[in-house]
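K.L.:
Got final_7.txt for you, compact mmCIF, C-alpha atoms:
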# COMPACT_ATOMS: atom_id res chain seq x y z
CA MET A 239 -20.70 -25.56 61.02
CA ALA A 240 -16.91 -25.62 61.44
CA ILE A 241 -16.80 -21.89 62.18
CA GLN A 242 -19.57 -22.14 64.76
CA LEU A 243 -17.93 -25.18 66.35
CA ALA A 244 -14.56 -23.45 66.64
CA LEU A 245 -16.13 -20.23 67.90
CA SER A 246 -18.16 -21.98 70.60
CA SER A 247 -15.04 -23.84 71.78
CA VAL A 248 -13.02 -20.61 72.00
CA VAL A 249 -15.79 -18.75 73.84
CA PHE A 250 -16.34 -21.62 76.28
CA PHE A 251 -12.60 -21.88 76.99
CA LEU A 252 -12.12 -18.13 77.54
CA MET A 253 -15.28 -17.78 79.60
CA PHE A 254 -14.34 -20.42 82.17
CA TYR A 255 -10.55 -20.19 82.07
CA GLY A 256 -9.23 -19.75 85.60
CA ARG A 257 -12.67 -20.40 87.11
CA ILE A 258 -12.60 -24.20 86.89
CA PRO A 259 -9.60 -26.61 86.77
CA ILE A 260 -7.90 -26.80 83.38
CA LEU A 261 -8.53 -30.56 83.09
CA TRP A 262 -12.27 -30.16 83.62
CA LEU A 263 -12.27 -27.15 81.31
CA THR A 264 -10.61 -29.11 78.50
CA ALA A 265 -13.02 -32.00 78.99
CA GLY A 266 -15.96 -29.60 78.91
CA VAL A 267 -14.74 -27.94 75.70
CA LEU A 268 -14.27 -31.31 74.00
CA ALA A 269 -17.69 -32.56 75.17
CA ALA A 270 -19.39 -29.37 73.94
CA ALA A 271 -17.60 -29.64 70.59
CA VAL A 272 -18.61 -33.29 70.14
CA ALA A 273 -22.23 -32.57 71.14
CA GLN A 274 -22.47 -29.62 68.77
CA GLY A 275 -20.84 -31.59 65.95
CA VAL A 276 -23.31 -34.46 66.37
CA GLY A 277 -26.25 -32.08 66.62
CA SER A 278 -25.13 -30.08 63.60
CA SER A 279 -24.57 -33.09 61.36
CA ARG A 280 -28.27 -33.09 60.51
CA ARG A 281 -28.88 -29.47 61.25
CA HIS A 282 -31.56 -27.55 59.37
CA THR A 283 -30.97 -23.99 58.25
CA HIS A 284 -33.78 -22.26 56.45
CA GLY A 285 -35.75 -25.51 56.40
CA ALA A 286 -36.07 -25.32 60.17
CA PHE A 287 -37.90 -22.02 59.97
CA LEU A 288 -40.16 -23.34 57.24
CA SER A 289 -41.59 -25.83 59.75
CA ILE A 290 -42.27 -23.42 62.62
CA ASP A 291 -45.90 -22.87 61.68
CA PHE A 292 -46.41 -26.61 61.17
CA TYR A 293 -45.12 -27.46 64.65
CA ALA A 294 -47.15 -24.61 66.13
CA GLN A 295 -50.30 -26.13 64.64
CA GLN A 296 -49.39 -29.66 65.76
CA SER A 297 -48.17 -28.71 69.24
CA ARG A 298 -50.04 -30.14 72.22
CA LEU A 299 -49.85 -26.64 73.70
CA CYS A 300 -51.80 -25.19 70.77
CA GLY A 301 -55.09 -25.57 72.64
CA TRP A 302 -53.85 -23.62 75.66
CA HIS A 303 -55.02 -20.05 76.06
CA SER A 304 -53.04 -17.87 73.65
CA GLY A 305 -53.20 -14.79 75.86
CA TRP A 306 -51.84 -16.80 78.79
CA LYS A 307 -48.94 -18.10 76.67
CA LEU A 308 -48.12 -14.59 75.48
CA ALA A 309 -48.21 -13.21 79.03
CA LEU A 310 -46.11 -16.11 80.33
CA ALA A 311 -43.48 -15.66 77.59
CA ILE A 312 -43.26 -11.91 78.25
CA PHE A 313 -43.06 -12.43 82.03
CA CYS A 314 -40.31 -15.06 81.76
CA ALA A 315 -38.36 -13.03 79.19
CA ALA A 316 -38.52 -9.99 81.48
CA ALA A 317 -37.29 -12.11 84.40
CA VAL A 318 -34.42 -13.44 82.27
CA LEU A 319 -33.32 -10.04 81.00
CA SER A 320 -33.50 -8.43 84.45
CA ALA A 321 -31.57 -11.22 86.20
CA GLN A 322 -28.28 -10.26 87.80
CA THR A 323 -26.88 -13.80 87.96
CA PRO A 324 -27.02 -16.69 85.43
CA LEU A 325 -29.19 -18.81 87.75
CA VAL A 326 -32.58 -17.43 86.66
CA PRO A 327 -31.80 -17.59 82.88
CA ILE A 328 -30.49 -21.15 83.21
CA CYS A 329 -33.57 -22.36 85.13
CA LEU A 330 -36.03 -20.65 82.78
CA PHE A 331 -34.11 -21.88 79.73
CA GLY A 332 -34.54 -25.44 80.98
CA ALA A 333 -38.17 -24.90 81.98
CA MET A 334 -39.16 -23.36 78.64
CA GLY A 335 -37.29 -26.08 76.77
CA MET A 336 -39.06 -28.80 78.74
CA LEU A 337 -42.45 -27.19 78.12
CA THR A 338 -41.80 -26.89 74.40
CA VAL A 339 -40.25 -30.32 73.85
CA ARG A 340 -41.80 -32.62 76.43
CA ARG A 341 -45.21 -31.02 76.92
CA GLY A 342 -45.60 -29.52 73.45
CA GLY A 343 -44.26 -32.50 71.52
CA VAL A 344 -41.66 -30.62 69.44
CA PRO A 345 -38.78 -32.96 68.45
CA LEU A 346 -35.61 -32.31 70.43
CA LYS A 347 -33.37 -32.31 67.34
CA TYR A 348 -35.58 -29.76 65.66
CA TYR A 349 -35.59 -27.57 68.76
CA LEU A 350 -31.79 -27.72 68.98
CA SER A 351 -31.49 -26.87 65.29
CA LEU A 352 -33.55 -23.73 65.90
CA LEU A 353 -31.34 -22.78 68.84
CA SER A 354 -28.24 -23.17 66.70
CA VAL A 355 -29.42 -20.46 64.29
CA PRO A 356 -28.93 -17.46 66.67
CA ALA A 357 -26.01 -19.17 68.42
CA LEU A 358 -23.41 -17.71 66.05
CA PHE A 359 -24.52 -14.13 66.72
CA ILE A 360 -24.69 -14.74 70.48
CA LEU A 361 -21.21 -16.28 70.55
CA LEU A 362 -19.73 -13.41 68.54
CA SER A 363 -21.25 -10.93 70.98
CA CYS A 364 -19.86 -12.85 73.96
CA LEU A 365 -16.42 -13.00 72.33
CA SER A 366 -16.38 -9.21 71.93
CA ILE A 367 -17.29 -8.86 75.62
CA LEU A 368 -14.70 -11.37 76.79
CA ILE A 369 -11.62 -9.97 75.05
CA GLN A 370 -10.33 -6.60 76.21
CA ILE A 371 -7.80 -4.62 74.17
CA GLY A 372 -4.71 -3.76 76.16
CA SER A 373 -3.09 -5.21 79.25
CA GLU A 374 -5.67 -5.10 82.01
CA PRO A 375 -4.64 -5.34 85.69
CA GLY A 376 -5.68 -8.62 87.25
CA ALA A 377 -6.21 -10.35 83.91
CA VAL A 378 -6.71 -14.11 84.13
CA LEU A 379 -5.42 -14.57 80.59
CA SER A 380 -3.31 -12.32 78.38
CA PHE A 381 -1.84 -12.94 74.92
CA GLN A 382 -0.29 -11.06 72.01
CA LEU A 383 -2.03 -10.90 68.63
CA GLY A 384 0.11 -8.99 66.16
CA ASN A 385 0.55 -5.47 67.48
CA TRP A 386 -2.38 -5.85 69.88
CA ARG A 387 -2.24 -7.00 73.47
CA LEU A 388 -5.46 -8.82 74.36
CA SER A 389 -6.58 -9.88 77.82
CA VAL A 390 -9.47 -11.60 79.55
CA THR A 391 -10.49 -10.45 83.03
CA SER A 392 -12.74 -12.04 85.61
CA GLN A 393 -15.19 -9.16 85.20
CA SER A 394 -15.43 -9.71 81.45
CA GLN A 395 -15.96 -13.43 82.06
CA GLN A 396 -18.86 -12.74 84.41
CA THR A 397 -20.40 -10.20 82.04
CA ALA A 398 -20.06 -12.50 79.03
CA SER A 399 -21.51 -15.52 80.84
CA LEU A 400 -24.48 -13.48 82.05
CA ALA A 401 -25.07 -12.13 78.52
CA LEU A 402 -24.82 -15.65 77.07
CA PHE A 403 -27.35 -17.17 79.45
CA ARG A 404 -29.67 -14.18 79.15
CA ALA A 405 -29.67 -14.44 75.35
CA PHE A 406 -30.40 -18.17 75.28
CA GLY A 407 -33.00 -17.83 78.05
CA ALA A 408 -34.87 -15.11 76.17
CA THR A 409 -34.62 -17.13 72.95
CA SER A 410 -36.20 -20.14 74.66
CA CYS A 411 -39.11 -17.93 75.80
CA LEU A 412 -39.60 -16.77 72.20
CA TYR A 413 -39.50 -20.33 70.87
CA PHE A 414 -42.00 -21.43 73.51
CA LEU A 415 -44.47 -18.89 72.14
CA SER A 416 -43.74 -19.35 68.43
CA LEU A 417 -43.73 -23.18 68.54
CA SER A 418 -47.03 -23.41 70.41
CA THR A 419 -49.14 -20.50 69.10
CA PRO A 420 -50.15 -20.13 65.43
CA ILE A 421 -49.93 -16.61 64.07
CA SER A 422 -53.71 -16.37 63.62
CA ARG A 423 -54.33 -16.91 67.35
CA LEU A 424 -51.55 -14.53 68.30
CA ILE A 425 -53.07 -11.83 66.11
CA GLY A 426 -56.41 -12.44 67.79
CA VAL A 427 -54.83 -11.84 71.20
CA LEU A 428 -53.18 -8.64 69.97
CA GLY A 429 -56.49 -7.48 68.56
CA ARG A 430 -58.14 -7.97 71.95
CA CYS A 431 -55.30 -5.94 73.45
CA ARG A 432 -56.32 -2.99 71.22
CA VAL A 433 -53.30 -3.20 68.94
CA PRO A 434 -54.07 -1.21 65.74
CA PRO A 435 -55.38 -3.47 62.93
CA ALA A 436 -52.80 -2.08 60.49
CA ALA A 437 -49.97 -3.36 62.70
CA THR A 438 -51.44 -6.85 63.08
CA GLU A 439 -52.18 -7.12 59.35
CA LEU A 440 -48.64 -6.12 58.48
CA MET A 441 -47.34 -8.68 60.97
CA ALA A 442 -49.46 -11.44 59.42
CA LEU A 443 -48.48 -10.56 55.86
CA ILE A 444 -44.77 -10.25 56.66
CA TYR A 445 -44.86 -13.53 58.60
CA ARG A 446 -46.46 -15.40 55.72
CA TYR A 447 -44.26 -13.78 53.12
CA LEU A 448 -41.09 -14.73 54.98
CA PHE A 449 -41.94 -18.39 54.49
CA ILE A 450 -42.53 -17.80 50.79
CA LEU A 451 -39.14 -16.13 50.40
CA LEU A 452 -37.38 -18.84 52.40
CA GLU A 453 -38.95 -21.58 50.30
CA THR A 454 -38.04 -19.74 47.08
CA HIS A 455 -34.46 -19.31 48.29
CA ARG A 456 -34.27 -23.00 49.20
CA GLN A 457 -35.43 -24.04 45.73
CA MET A 458 -32.94 -21.68 44.07
CA THR A 459 -30.11 -23.04 46.24
CA LEU A 460 -30.98 -26.65 45.40
CA ALA A 461 -31.12 -25.80 41.71
CA SER A 462 -27.70 -24.12 41.90
CA GLU A 463 -26.19 -27.06 43.78
CA SER A 464 -27.52 -29.54 41.22
CA ARG A 465 -25.71 -27.53 38.52
CA LEU A 466 -22.45 -27.41 40.55
CA GLY A 467 -22.87 -23.70 41.10
CA TYR A 468 -21.00 -23.76 44.42
CA GLN A 469 -17.81 -25.45 43.22
CA GLY A 470 -14.91 -23.08 43.84
CA PHE A 471 -14.78 -19.70 45.50
CA ARG A 472 -15.33 -17.52 42.41
CA ARG A 473 -18.22 -19.64 41.15
CA ARG A 474 -19.78 -19.64 44.63
CA ILE A 475 -19.68 -15.82 44.82
CA SER A 476 -21.12 -15.52 41.31
CA THR A 477 -23.93 -17.97 42.12
CA MET A 478 -24.78 -16.18 45.37
CA LEU A 479 -25.02 -12.81 43.58
CA LYS A 480 -27.20 -14.26 40.83
CA ASN A 481 -29.48 -15.91 43.38
CA ALA A 482 -29.75 -12.64 45.33
CA PHE A 483 -30.82 -10.69 42.25
CA GLY A 484 -33.17 -13.48 41.21
CA LEU A 485 -34.73 -13.58 44.66
CA LEU A 486 -35.29 -9.82 44.54
CA PHE A 487 -37.19 -9.95 41.26
CA LEU A 488 -39.11 -13.06 42.29
CA SER A 489 -40.16 -11.35 45.52
CA PHE A 490 -41.83 -8.55 43.56
CA ARG A 491 -43.65 -11.07 41.40
CA ARG A 492 -44.75 -13.16 44.40
CA THR A 493 -46.01 -9.98 46.08
CA SER A 494 -48.19 -9.19 43.08
CA ASP A 495 -49.47 -12.77 42.97
CA LEU A 496 -50.26 -12.67 46.70
CA LEU A 497 -52.21 -9.43 46.36
CA THR A 498 -54.17 -10.87 43.40
CA ALA A 499 -54.99 -13.99 45.40
CA MET A 500 -56.20 -11.89 48.34
CA GLU A 501 -58.36 -9.67 46.16
CA SER A 502 -59.92 -12.73 44.50
CA ARG A 503 -61.00 -13.81 48.00
CA CYS A 504 -62.82 -10.51 48.64
CA TYR A 505 -60.01 -8.76 50.51
CA ASP A 506 -61.29 -5.30 51.45
CA GLY A 507 -58.30 -4.01 53.40
CA GLU A 508 -58.82 -6.00 56.63
CA LEU A 509 -57.73 -9.51 57.51
CA ARG A 510 -60.24 -11.45 59.58
CA PHE A 511 -59.48 -14.62 61.51
CA LEU A 512 -62.12 -16.90 62.94
CA PRO A 513 -61.67 -16.79 66.74
CA ARG A 514 -61.77 -20.02 68.73
CA PRO A 515 -62.98 -20.25 72.33
CA GLU A 516 -60.09 -20.64 74.75
CA GLN A 517 -60.02 -21.24 78.47
CA ILE A 518 -57.24 -21.28 81.04
CA GLY A 519 -57.14 -24.80 82.40
CA ARG A 520 -55.79 -26.21 85.63
CA SER A 521 -52.49 -27.29 84.06
CA GLN A 522 -51.83 -23.76 82.86
CA LEU A 523 -52.41 -22.37 86.34
CA VAL A 524 -50.06 -25.01 87.78
CA VAL A 525 -47.34 -24.07 85.27
CA SER A 526 -47.76 -20.38 86.04
CA ALA A 527 -47.61 -20.94 89.78
CA GLY A 528 -44.62 -23.28 89.47
CA LEU A 529 -42.55 -20.89 87.34
CA SER A 530 -43.42 -17.93 89.55
CA ALA A 531 -42.44 -19.89 92.66
CA VAL A 532 -39.13 -20.96 91.09
CA ILE A 533 -38.27 -17.38 90.09
CA LEU A 534 -39.23 -16.05 93.53
CA LEU A 535 -37.20 -18.76 95.29
CA ILE A 536 -34.13 -18.03 93.16
CA LEU A 537 -34.40 -14.30 93.84
CA ILE A 538 -34.64 -14.98 97.59
CA LEU A 539 -31.60 -17.27 97.47
CA GLU A 540 -29.63 -14.67 95.50
CA ARG A 541 -30.40 -12.00 98.08
CA ALA A 542 -29.48 -14.35 100.94
CA ILE A 543 -26.16 -15.30 99.30
Just give me the structure of the file as structure tokens.

P.N.:
Amino acid sequence: MAIQLALSSVVFFLMFYGRIPILWLTAGVLAAAVAQGVGSSRRHTHGAFLSIDFYAQQSRLCGWHSGWKLALAIFCAAAVLSAQTPLVPICLFGAMGMLTVRRGGVPLKYYLSLLSVPALFILLSCLSILIQIGSEPGAVLSFQLGNWRLSVTSQSQQTASLALFRAFGATSCLYFLSLSTPISRLIGVLGRCRVPPAATELMALIYRYLFILLETHRQMTLASESRLGYQGFRRRISTMLKNAFGLLFLSFRRTSDLLTAMESRCYDGELRFLPRPEQIGRSQLVVSAGLSAVILLILILERAI
């Protein structure tokens, strides 16, 4: 948590340095650090992912047409990734978050805990874009680090901010789909789209088995913590290696048990899910029209500006 907090503060400071007044920039960095610290105090790690399928089943969006949700998520993700300014990703990030939390009923803290999982990788990527090696002409910030001269330019700031908002916007589209559509319904949609059965079966098995591995890893971690296995650096490394080897052998055993359980239920090489009738309601059409109108309006404004 401390590493992610420090990294987000550094990235935020470098990204907006010279673009907004230093007083407002410092206040923004402190506010972001406090908000992330409060949100991370009860942050889930692997436990958050263990509840994805539960919230997908309990979501108020679960009854919406699965094909429509898949098409909407793909359309919004494509709009986010093809955007040339941060305006479209920011708007769609907020819209997808509102749909998932307010309309779908997913708790806000849980949604934020899921967003914090890929945040570290996104921030590291933005940091590598922000900092240029060498003294660049027109740099807004330049500093010496050992034998290296590092600089931040306005172009790198724009590129990093666009990459940041694109990444979080696309992630919100993915979470909208995964937190509102159970895997069985998603596989049914892919089957109707003529996706090969082998691909959908592998997707279902891998999806289910990921939860088994995460739960096994959580139990092993709790057992190690109860035996003070993470006290000290050397003991922590030794415990992590032992847990990794143990998880490897347990995964083979769980795979065999899973195959035995499937064969005992007359598995003949094909997974079958009971389809449920789905219809596209008026609210879904309103959401589609509203998001399309917002994206079109933003694109028109961008061209006019």

K.L.:
Quick one: of A:Ser530, A:Ala311, A:Ser247, A:Asp291, who's nearest to Cys411 of chain A, counting all atoms listed in the file?

P.N.:
A:Ala311

K.L.:
Can you work out the spacing between atom CA of Leu400 of chain A and atom CA of Leu330 of chain A in Å, to one decimal?

P.N.:
13.6 Å

K.L.:
Which residue is closest to Trp306 of chain A? Choose from A:Arg432, A:Arg423, A:Arg491, A:His455 and count only C-alpha atoms.

P.N.:
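Ranked by minimum distance to Trp306 of chain A, first place goes to A:Arg423.
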
K.L.:
Go ahead and compute the interatomic distance for atom CA of Glu439 of chain A and atom CA of Glu516 of chain A, in Å to one decimal.

P.N.:
22.0 Å

K.L.:
Near Ala405 of chain A, counting only C-alpha atoms, which residues have an atom at most 10 Å away, once you skip same-chain residues fewer than 2 positions from it, shown as a VMD selection string?

P.N.:
chain A and resid 315 318 to 319 327 331 356 to 357 360 to 361 399 to 403 407 to 410

K.L.:
From the options A:Met253, A:Leu460, A:Leu443, A:Cys364, which residue's atoms come nearest to Arg404 of chain A, counting all atoms listed in the file?

P.N.:
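Checking each of A:Met253, A:Leu460, A:Leu443, A:Cys364 against Arg404 of chain A, counting all atoms listed in the file, the winner is A:Cys364.
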
K.L.:
Hey, which of A:Ser464, A:Met336, A:Glu501, A:Phe487 ends up closest to Val525 of chain A? Count only C-alpha atoms.

P.N.:
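Of A:Ser464, A:Met336, A:Glu501, A:Phe487, the one nearest Val525 of chain A is A:Met336, counting only C-alpha atoms.
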
K.L.:
Could you name the residues that touch Leu337 of chain A at 12 Å or less, counting only C-alpha atoms, but leaving out those on the same chain fewer than 2 positions away, as a PyMOL selection string?

P.N.:
chain A and resi 297-299+307+310-311+330-335+339-346+349+410-411+413-415+417-418+521-522+525-526+529

K.L.:
Using only C-alpha atoms, which residue out of A:Ser502, A:Tyr447, A:Ala482, A:Met441 lies closest to Thr459 of chain A?

P.N.:
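Among A:Ser502, A:Tyr447, A:Ala482, A:Met441, it is A:Ala482 that comes nearest to Thr459 of chain A.
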